[in-house]
Amino acid sequence: MSDEIEKLKMHSPDLTAQNVDKIAALFPGCVTESRGPDGALRRAVDFDLLRQELSDSIVEGPQERYHLDWPGKRQALITANAPIAKTLRPVQAESVDFDTTRNLFIEGDNLEALKLLQSSFLGDVKVVYIDPPYNTGKDFIYNDKFSESRSDYLERTNQIDNDGNRLVANTQANGRFHSDWLSMMYARLKIAANLLDDDGVLFASCDDWEAANLKRLLDEVFGESNYVDTIALEISTTSGPKTVNAQQGTIVKNVEFVHIFRKSPEFDKVQHLPLYDSVASYDTHYSMWLHEDGSLGSLGEELLKDESVAKDIERFDLKNRGSFSINNLDKLLAVSEAASDFISKNLDRIASIDRPPVSAQDQDCEPGRWKEFAVDHRTYILTKLSNGKLKSLLPLRLNYRTSDDYRPKFGRTVIRGDIWKGFYQDMGNVAREGGIAFSNGKKPVRLIQQLIKWANNSRNGIVVDFFAGSGTTAEAVMKQNAEDGLNRKFFLIQLDERPSETNESSPSDFENIAQLSRERIRNAAQMIDVESSHVGWNKDVGFRTFKIDSSNMADVYYTPDATTQADLLTRVDNIKPDRTPEDLLFQVLLDWGVDLTLPITRETVEGKTVFTVAGTALIACFDNGVDEALVKTLAARHPLRVVFKDTGFKDDATKINVKQIFKALSPDTEVKAI
Ligand SMILES: C[S@@+](CC[C@H](N)C(=O)[O-])C[C@H]1O[C@@H](n2cnc3c(N)ncnc32)[C@H](O)[C@@H]1O
């Protein structure tokens with residue numbers, strides 16, 4: 001074993017190489033290996049052989065098949081898989097509770113951010129919510145031409161075009177209007193899907209313009225079998241200016257959509273939480289009355305027995321041949337407070353007839369009477385009809401609860417399906433939410449909060465929004481945590497794009513949307529009633545801000561072969577001069593795949609600055625003049641990983657001894673240098 005300390009790669013993972021490795025594991029014969037001029041091992045897939053492996057008949061030439069295709073699709077895949085020599089630089093001044101928070105805010109292009117997060121959070125994310133540009137013809141989309149391609153990423157790090165543009169207008173006049181949008185989305189979705197845990201789920205907002213394309217694209221990324229549903233969201237009513245168009249026969253647009261895809265069938269093993277909408281009408285199936293003595297009666301009779309209710313039945317002429325039919329109950333409830341009170345007070349007495357549980361098959365009951373039957377930690381109410389059939393009785397209380405409406409109310413509810421009505425009410429207030437104006441498709445907090453609530457898979461997991469806009473997802477996560485006491489984390493990614501309000505008539509207070517988004521998270525945190533929040537919530541309303549930048553490492557780091565003898569003699573520093581030790585620390589965490597949200601402490605040991613990540617997860621020292629005394633002190637702490645600067649050792653002897661010292665004092669520690 002060499003005593004040379006292994007160097008970290010300091011670039012995001014090469015996903016193409018990882019994919020080739022996966023294929024090699026399954027079909028070793030389909031992957032060929034050769035050595036390049038630099039001596040490095042290169043693997044390539046023999047596609048003809050692979051195709052043949054996957055077919056039980058002779059494969060000849062390309063076949064017609066059902067799939068979504070567009071010009072630029074292959075390039076998008078290459079772009080998605082190419083590694084980038086970039087990093088996330090921490091910005092303490094634009095963070096809240098930097099040292100302790102587990103939430104992240106990344107400013108920059110989401111493709112690059114998603115690539116950088118790959119190693120640290122692969123398979124860790126429970127929910128992705130995205131609200132991408134709808135490609136309406138007015139959108140700007142990120143020009144991925146300027147993201148590094150596989151071959152030239154080392155030379156072209158951090159470049160933008162001559163005018164400094166990274167965003168290009170995608171107008172309908174562009175012949176590749178849909179294709180460019182699809183390419184932009186494809187690359188990002190491919191990587192986002194990798195981040196999801198097996199029981200993870202993705203929600204993607206869209207309108208009718210790209211809904212069909214987005215559905216097909218997601219089918220391809222997740223597999224058609226992982227399509228869960230598409231929610232139709234009622235975001236407006238036919239009112240105001242829309243009425244004129246509607247009167248002229250136009251079908252006006254009142255809905256948007258949310259496509260839902262799960263990562264795998266594991267998502268279905270989670271108990272999802274139904275959402276409830278309130279309904280004013282009475283469900284007339286609830287017509288039975290459970291008398292305390294075990295006999296059964298009818299609700300109609302009981303209503304007449306109550307003096308105040310009976311008076312109202314008489315007054316509004318709702319009696320029929322001396323009795324009261326509960327088919328008239330809606331009419332009665334509309335006018336009689338006494339009747340509403342009576343129903344609310346007797347939710348346990350009023351019941352509907354349902355099928356009995358299978359486990360009750362052998363139970364006997366007297367017709368006209370009810371009895372309780374406890375099984376599997378549940379209590380059923382059983383009765384027998386006059387025809388001898390066993391039934392169970394469901395008390396009305398089971399369908400009375402606080403609804404998930406815009407204004408929640410206690411009352412009769414129905415379980416919401418894939419039509420999410422009434423969100424136009426939220427839209428009416430959305431501009432005020434989070435105390436920040438944002439005109440680029442701000443979504444209601446309730447929408448994202450309820451999606452997270454329904455999924456119910458995120459426990460203390462990560463919720464990612466990589467088209468963060470005004471930061472609604474962060475507010476939704478904090479509010480849901482405050483309500484149910486879970487400790488989900490939010491990771492938001494937002495480009496430093498100028499807000500569209502920035503014009504002379506309505507200038508924005510913010511230079512860019514990322515800034516605006518952070519301000520909204522701060523506002524939202526203040527508006528949450530922390531005092532009356534769930535006791536289980538850790539009350540984390542902070543966030544660590546990072547900005548995407550070129551690698552901290554100078555070109556010489558990536559091209560050691562080009563280093564001259566003279567460079568070696570002067571021990572040329574391979575770190576860019578403007579980079580701080582904190583910058584280096586986070587690039588090392590990314591490279592090593594360590595969680596970026598772990599707590600970090602900084603201390604002085606043997607006169608040098610030492611960073612400790614989550615106790616023993618990683619120890620780093622990027623100072624010059626590291627001597628054996630320091631190395632021994634750090635080894636005695638038995639960290640899982642330790643990293644130094646390659647040029648940071650006091651002398652060559654120390655550098656040579658580092659691995660030996662750790663081998664002797666802390667053999668399980670991984671030792672690396674940058
Ligand atoms: C429709 S808005 C999202 C609105 C958000 N749901 C809300 O409630 O405020 C889409 C956002 O994605 C951002 N965006 C577009 N392309 C991006 C990219 N390549 N990387 C990061 N953000 C991007 C835009 O700047 C915009 O703020």
# chains A, B, ... in the order shown; residues from 1 in each chain; ligands from 1
>>> residues_around(residues="Ser533 in chain A", least_positions_apart="5", cutoff="10 Å", atoms="only C-alpha atoms", output="list in words")
Lys479, Gln480, Asn481, Ala482, Glu483, Asp484, Gly485, Ile528, Asn538 and Lys539 of chain A
>>> write_last_selection(atoms="all heavy atoms", output="PDB file, in the first residue's frame")
ATOM      1  N   LYS A 479     -44.650  25.248   8.130  1.00  0.00           N
ATOM      2  CA  LYS A 479     -46.015  25.230   8.687  1.00  0.00           C
ATOM      3  C   LYS A 479     -46.479  23.807   8.979  1.00  0.00           C
ATOM      4  O   LYS A 479     -47.102  23.541   9.998  1.00  0.00           O
ATOM      5  CB  LYS A 479     -46.999  25.889   7.710  1.00  0.00           C
ATOM      6  CG  LYS A 479     -46.967  27.410   7.790  1.00  0.00           C
ATOM      7  CD  LYS A 479     -47.995  27.987   6.893  1.00  0.00           C
ATOM      8  CE  LYS A 479     -48.858  28.986   7.609  1.00  0.00           C
ATOM      9  NZ  LYS A 479     -49.833  29.599   6.719  1.00  0.00           N
ATOM     10  N   GLN A 480     -46.182  22.891   8.069  1.00  0.00           N
ATOM     11  CA  GLN A 480     -46.619  21.510   8.285  1.00  0.00           C
ATOM     12  C   GLN A 480     -45.891  20.914   9.482  1.00  0.00           C
ATOM     13  O   GLN A 480     -46.488  20.207  10.297  1.00  0.00           O
ATOM     14  CB  GLN A 480     -46.391  20.690   7.005  1.00  0.00           C
ATOM     15  CG  GLN A 480     -47.013  19.303   7.039  1.00  0.00           C
ATOM     16  CD  GLN A 480     -48.522  19.302   7.333  1.00  0.00           C
ATOM     17  OE1 GLN A 480     -49.250  20.248   6.992  1.00  0.00           O
ATOM     18  NE2 GLN A 480     -48.993  18.265   8.018  1.00  0.00           N
ATOM     19  N   ASN A 481     -44.589  21.230   9.622  1.00  0.00           N
ATOM     20  CA  ASN A 481     -43.847  20.753  10.793  1.00  0.00           C
ATOM     21  C   ASN A 481     -44.452  21.315  12.074  1.00  0.00           C
ATOM     22  O   ASN A 481     -44.593  20.605  13.071  1.00  0.00           O
ATOM     23  CB  ASN A 481     -42.377  21.202  10.720  1.00  0.00           C
ATOM     24  CG  ASN A 481     -41.584  20.399   9.705  1.00  0.00           C
ATOM     25  OD1 ASN A 481     -42.075  19.397   9.194  1.00  0.00           O
ATOM     26  ND2 ASN A 481     -40.376  20.833   9.410  1.00  0.00           N
ATOM     27  N   ALA A 482     -44.814  22.604  12.021  1.00  0.00           N
ATOM     28  CA  ALA A 482     -45.388  23.235  13.216  1.00  0.00           C
ATOM     29  C   ALA A 482     -46.709  22.562  13.580  1.00  0.00           C
ATOM     30  O   ALA A 482     -47.068  22.456  14.747  1.00  0.00           O
ATOM     31  CB  ALA A 482     -45.597  24.725  12.969  1.00  0.00           C
ATOM     32  N   GLU A 483     -47.425  22.066  12.547  1.00  0.00           N
ATOM     33  CA  GLU A 483     -48.729  21.440  12.810  1.00  0.00           C
ATOM     34  C   GLU A 483     -48.619  20.002  13.288  1.00  0.00           C
ATOM     35  O   GLU A 483     -49.323  19.595  14.206  1.00  0.00           O
ATOM     36  CB  GLU A 483     -49.594  21.452  11.533  1.00  0.00           C
ATOM     37  CG  GLU A 483     -50.393  22.720  11.435  1.00  0.00           C
ATOM     38  CD  GLU A 483     -51.191  22.812  10.153  1.00  0.00           C
ATOM     39  OE1 GLU A 483     -51.653  21.779   9.628  1.00  0.00           O
ATOM     40  OE2 GLU A 483     -51.345  23.955   9.677  1.00  0.00           O
ATOM     41  N   ASP A 484     -47.726  19.213  12.640  1.00  0.00           N
ATOM     42  CA  ASP A 484     -47.724  17.792  13.008  1.00  0.00           C
ATOM     43  C   ASP A 484     -46.501  17.375  13.819  1.00  0.00           C
ATOM     44  O   ASP A 484     -46.362  16.197  14.168  1.00  0.00           O
ATOM     45  CB  ASP A 484     -47.910  16.888  11.778  1.00  0.00           C
ATOM     46  CG  ASP A 484     -46.804  17.040  10.755  1.00  0.00           C
ATOM     47  OD1 ASP A 484     -45.727  17.542  11.105  1.00  0.00           O
ATOM     48  OD2 ASP A 484     -47.016  16.641   9.597  1.00  0.00           O
ATOM     49  N   GLY A 485     -45.591  18.328  14.089  1.00  0.00           N
ATOM     50  CA  GLY A 485     -44.474  18.027  14.982  1.00  0.00           C
ATOM     51  C   GLY A 485     -43.374  17.196  14.350  1.00  0.00           C
ATOM     52  O   GLY A 485     -42.478  16.729  15.045  1.00  0.00           O
ATOM     53  N   ILE A 528     -45.067  32.371  11.747  1.00  0.00           N
ATOM     54  CA  ILE A 528     -45.524  31.098  12.330  1.00  0.00           C
ATOM     55  C   ILE A 528     -45.613  31.250  13.845  1.00  0.00           C
ATOM     56  O   ILE A 528     -44.690  31.765  14.486  1.00  0.00           O
ATOM     57  CB  ILE A 528     -44.567  29.941  11.963  1.00  0.00           C
ATOM     58  CG1 ILE A 528     -44.678  29.659  10.467  1.00  0.00           C
ATOM     59  CG2 ILE A 528     -44.885  28.681  12.763  1.00  0.00           C
ATOM     60  CD1 ILE A 528     -43.702  28.658   9.944  1.00  0.00           C
ATOM     61  N   ASN A 538     -38.853  20.773  16.018  1.00  0.00           N
ATOM     62  CA  ASN A 538     -37.583  21.329  16.526  1.00  0.00           C
ATOM     63  C   ASN A 538     -37.466  22.841  16.286  1.00  0.00           C
ATOM     64  O   ASN A 538     -36.456  23.445  16.611  1.00  0.00           O
ATOM     65  CB  ASN A 538     -36.389  20.586  15.899  1.00  0.00           C
ATOM     66  CG  ASN A 538     -36.355  20.737  14.378  1.00  0.00           C
ATOM     67  OD1 ASN A 538     -37.065  21.572  13.801  1.00  0.00           O
ATOM     68  ND2 ASN A 538     -35.543  19.923  13.721  1.00  0.00           N
ATOM     69  N   LYS A 539     -38.482  23.427  15.675  1.00  0.00           N
ATOM     70  CA  LYS A 539     -38.568  24.878  15.444  1.00  0.00           C
ATOM     71  C   LYS A 539     -37.393  25.410  14.599  1.00  0.00           C
ATOM     72  O   LYS A 539     -36.932  26.525  14.775  1.00  0.00           O
ATOM     73  CB  LYS A 539     -38.659  25.643  16.771  1.00  0.00           C
ATOM     74  CG  LYS A 539     -39.865  25.200  17.579  1.00  0.00           C
ATOM     75  CD  LYS A 539     -40.009  25.972  18.862  1.00  0.00           C
ATOM     76  CE  LYS A 539     -41.234  25.588  19.638  1.00  0.00           C
ATOM     77  NZ  LYS A 539     -41.469  24.169  19.853  1.00  0.00           N
TER      78      LYS A 539
END
>>> select_by_dssp(residues="range 231-384 of chain A", states="strand (DSSP E or B)", output="PyMOL selection string")
chain A and resi 231-234+255-262+276-278+288-290+295-298+320+323+350-354+367+369-375+378-384
>>> residues_around(residues="Asn624 in chain A", least_positions_apart="5", cutoff="8 Å", atoms="only C-alpha atoms", output="PyMOL selection string")
chain A and resi 645+647-650
>>> residues_near_ligand(ligand="ligand 1", cutoff="6 Å", atoms="only C-alpha atoms and all ligand atoms", output="list in words")
Gly108, Asp109, Asn110, Asp131, Pro132, Pro133, Ile141, Tyr142, Asn440, Gly441, Lys442, Lys443, Phe467, Ala468, Gly469, Ser470, Gly471, Thr472, Ile493, Gln494, Leu495 and Glu497 of chain A
>>> atom_distance(atom1="CA of Gly411 in chain A", atom2="CA of Leu382 in chain A")
25.0 Å
>>> select_by_dssp(residues="range 399-617 of chain A", states="alpha helix (DSSP H)", output="ChimeraX atom specification")
/A:423-429,445-455,472-484,513-527,555-558,565-569,581-592
>>> atom_distance(atom1="CA of Glu224 in chain A", atom2="CA of Lys489 in chain A")
28.7 Å
>>> residues_around(residues="Glu302 in chain A", least_positions_apart="5", cutoff="12 Å", atoms="only C-alpha atoms", output="PyMOL selection string")
chain A and resi 287-291+296-297+307-310+323-326+339+342-343+346+349-350
>>> residues_around(residues="Ala193 in chain A", least_positions_apart="6", cutoff="12 Å", atoms="only C-alpha atoms", output="VMD selection string")
chain A and resid 80 114 to 115 118 121 to 129 185 to 187 199 to 203 218 to 223 226 261 to 264 464
>>> write_last_selection(atoms="N, CA, C and O atoms", output="CSV table (one decimal), in the first residue's frame")
chain,number,residue,atom,x,y,z
A,80,ALA,N,-26.9,16.1,-18.7
A,80,ALA,CA,-27.3,15.7,-17.3
A,80,ALA,C,-26.2,14.8,-16.7
A,80,ALA,O,-26.0,15.0,-15.5
A,114,LEU,N,-28.3,20.4,-8.5
A,114,LEU,CA,-28.7,19.0,-8.3
A,114,LEU,C,-27.5,18.0,-8.5
A,114,LEU,O,-27.4,17.0,-7.8
A,115,LYS,N,-26.6,18.4,-9.5
A,115,LYS,CA,-25.4,17.6,-9.7
A,115,LYS,C,-24.6,17.6,-8.4
A,115,LYS,O,-24.0,16.6,-8.0
A,118,GLN,N,-25.7,15.4,-5.6
A,118,GLN,CA,-25.8,13.9,-5.9
A,118,GLN,C,-25.2,13.0,-4.8
A,118,GLN,O,-25.8,12.2,-4.3
A,121,PHE,N,-26.6,13.4,-1.1
A,121,PHE,CA,-28.1,13.1,-0.8
A,121,PHE,C,-28.7,12.1,-1.7
A,121,PHE,O,-29.9,12.1,-1.7
A,122,LEU,N,-27.9,11.3,-2.3
A,122,LEU,CA,-28.5,10.3,-3.2
A,122,LEU,C,-29.4,9.4,-2.5
A,122,LEU,O,-29.1,8.8,-1.5
A,123,GLY,N,-30.7,9.3,-2.9
A,123,GLY,CA,-31.7,8.5,-2.3
A,123,GLY,C,-32.2,8.9,-1.0
A,123,GLY,O,-32.8,8.2,-0.2
A,124,ASP,N,-31.9,10.2,-0.6
A,124,ASP,CA,-32.3,10.7,0.7
A,124,ASP,C,-33.5,11.5,0.7
A,124,ASP,O,-34.0,11.9,1.8
A,125,VAL,N,-33.9,12.0,-0.4
A,125,VAL,CA,-35.0,13.0,-0.5
A,125,VAL,C,-36.4,12.3,-0.5
A,125,VAL,O,-36.6,11.3,-1.2
A,126,LYS,N,-37.3,12.8,0.2
A,126,LYS,CA,-38.6,12.1,0.3
A,126,LYS,C,-39.6,12.8,-0.6
A,126,LYS,O,-40.5,12.1,-1.1
A,127,VAL,N,-39.6,14.1,-0.7
A,127,VAL,CA,-40.5,14.8,-1.6
A,127,VAL,C,-39.8,15.8,-2.4
A,127,VAL,O,-38.9,16.6,-2.0
A,128,VAL,N,-40.1,15.8,-3.7
A,128,VAL,CA,-39.7,16.9,-4.6
A,128,VAL,C,-41.0,17.6,-5.1
A,128,VAL,O,-41.9,17.0,-5.6
A,129,TYR,N,-41.0,18.9,-4.9
A,129,TYR,CA,-42.1,19.7,-5.4
A,129,TYR,C,-41.5,20.6,-6.4
A,129,TYR,O,-40.5,21.3,-6.1
A,185,MET,N,-36.0,20.4,-19.0
A,185,MET,CA,-36.7,19.7,-17.9
A,185,MET,C,-36.1,18.2,-17.8
A,185,MET,O,-35.9,17.7,-16.7
A,186,TYR,N,-35.8,17.6,-18.9
A,186,TYR,CA,-35.3,16.2,-18.9
A,186,TYR,C,-34.1,16.1,-18.1
A,186,TYR,O,-34.0,15.2,-17.2
A,187,ALA,N,-33.1,16.9,-18.4
A,187,ALA,CA,-31.8,16.8,-17.7
A,187,ALA,C,-32.0,16.9,-16.1
A,187,ALA,O,-31.5,16.2,-15.4
A,199,ASP,N,-39.2,5.4,-1.3
A,199,ASP,CA,-40.6,5.7,-1.0
A,199,ASP,C,-40.9,7.2,-1.2
A,199,ASP,O,-41.8,7.8,-0.7
A,200,GLY,N,-40.0,7.8,-2.1
A,200,GLY,CA,-40.1,9.3,-2.4
A,200,GLY,C,-41.2,9.5,-3.4
A,200,GLY,O,-41.6,8.6,-4.1
A,201,VAL,N,-41.5,10.8,-3.6
A,201,VAL,CA,-42.6,11.2,-4.5
A,201,VAL,C,-42.2,12.6,-5.1
A,201,VAL,O,-41.6,13.4,-4.5
A,202,LEU,N,-42.6,12.7,-6.4
A,202,LEU,CA,-42.4,14.0,-7.0
A,202,LEU,C,-43.7,14.6,-7.4
A,202,LEU,O,-44.6,13.9,-8.0
A,203,PHE,N,-43.9,15.9,-7.1
A,203,PHE,CA,-45.1,16.6,-7.5
A,203,PHE,C,-44.6,17.7,-8.5
A,203,PHE,O,-43.7,18.5,-8.2
A,218,LEU,N,-42.2,12.6,-17.7
A,218,LEU,CA,-42.1,12.0,-16.4
A,218,LEU,C,-42.3,10.4,-16.5
A,218,LEU,O,-41.7,9.7,-15.7
A,219,ASP,N,-43.2,10.0,-17.4
A,219,ASP,CA,-43.3,8.6,-17.6
A,219,ASP,C,-42.0,8.0,-18.0
A,219,ASP,O,-41.7,6.9,-17.5
A,220,GLU,N,-41.2,8.7,-18.8
A,220,GLU,CA,-39.9,8.1,-19.2
A,220,GLU,C,-38.9,8.1,-18.1
A,220,GLU,O,-38.2,7.2,-17.9
A,221,VAL,N,-38.9,9.2,-17.3
A,221,VAL,CA,-37.9,9.3,-16.2
A,221,VAL,C,-38.2,8.3,-15.1
A,221,VAL,O,-37.3,7.7,-14.6
A,222,PHE,N,-39.5,8.2,-14.7
A,222,PHE,CA,-39.9,7.4,-13.5
A,222,PHE,C,-40.4,6.0,-13.9
A,222,PHE,O,-40.4,5.1,-13.1
A,223,GLY,N,-40.8,5.9,-15.2
A,223,GLY,CA,-41.4,4.6,-15.6
A,223,GLY,C,-42.9,4.8,-15.5
A,223,GLY,O,-43.4,5.3,-14.4
A,226,ASN,N,-45.0,4.1,-12.4
A,226,ASN,CA,-44.8,4.9,-11.2
A,226,ASN,C,-45.7,6.2,-11.2
A,226,ASN,O,-45.5,7.0,-10.4
A,261,PHE,N,-45.7,11.5,-9.4
A,261,PHE,CA,-45.0,10.3,-9.7
A,261,PHE,C,-44.3,9.8,-8.4
A,261,PHE,O,-43.7,10.6,-7.7
A,262,ARG,N,-44.4,8.5,-8.2
A,262,ARG,CA,-43.6,7.9,-7.1
A,262,ARG,C,-42.3,7.4,-7.6
A,262,ARG,O,-42.2,7.1,-8.8
A,263,LYS,N,-41.3,7.2,-6.7
A,263,LYS,CA,-40.0,6.7,-7.1
A,263,LYS,C,-40.1,5.2,-7.4
A,263,LYS,O,-39.6,4.7,-8.4
A,264,SER,N,-40.9,4.5,-6.5
A,264,SER,CA,-41.0,3.1,-6.7
A,264,SER,C,-42.3,2.6,-5.9
A,264,SER,O,-42.9,3.4,-5.2
A,464,VAL,N,-37.5,18.9,-1.4
A,464,VAL,CA,-36.7,19.7,-2.3
A,464,VAL,C,-37.6,20.5,-3.3
A,464,VAL,O,-38.6,19.9,-3.8
>>> atom_distance(atom1="CA of Thr100 in chain A", atom2="CA of Pro599 in chain A")
5.7 Å
>>> residues_around(residues="Tyr282 in chain A", least_positions_apart="6", cutoff="9 Å", atoms="only C-alpha atoms", output="list in words")
Ile326, Asn327, Leu329, Asp330, Leu333 and Arg412 of chain A
>>> residues_around(residues="Leu116 in chain A", least_positions_apart="6", cutoff="12 Å", atoms="only C-alpha atoms", output="number ranges by chain")
A: 10-15, 80-89, 106, 108-110, 122, 191-192, 195, 493, 546-551, 586-596
>>> closest_residue(among="A:Val252, A:Arg544, A:Leu385, A:Asp46", to="Gln92 in chain A", atoms="only C-alpha atoms")
A:Arg544
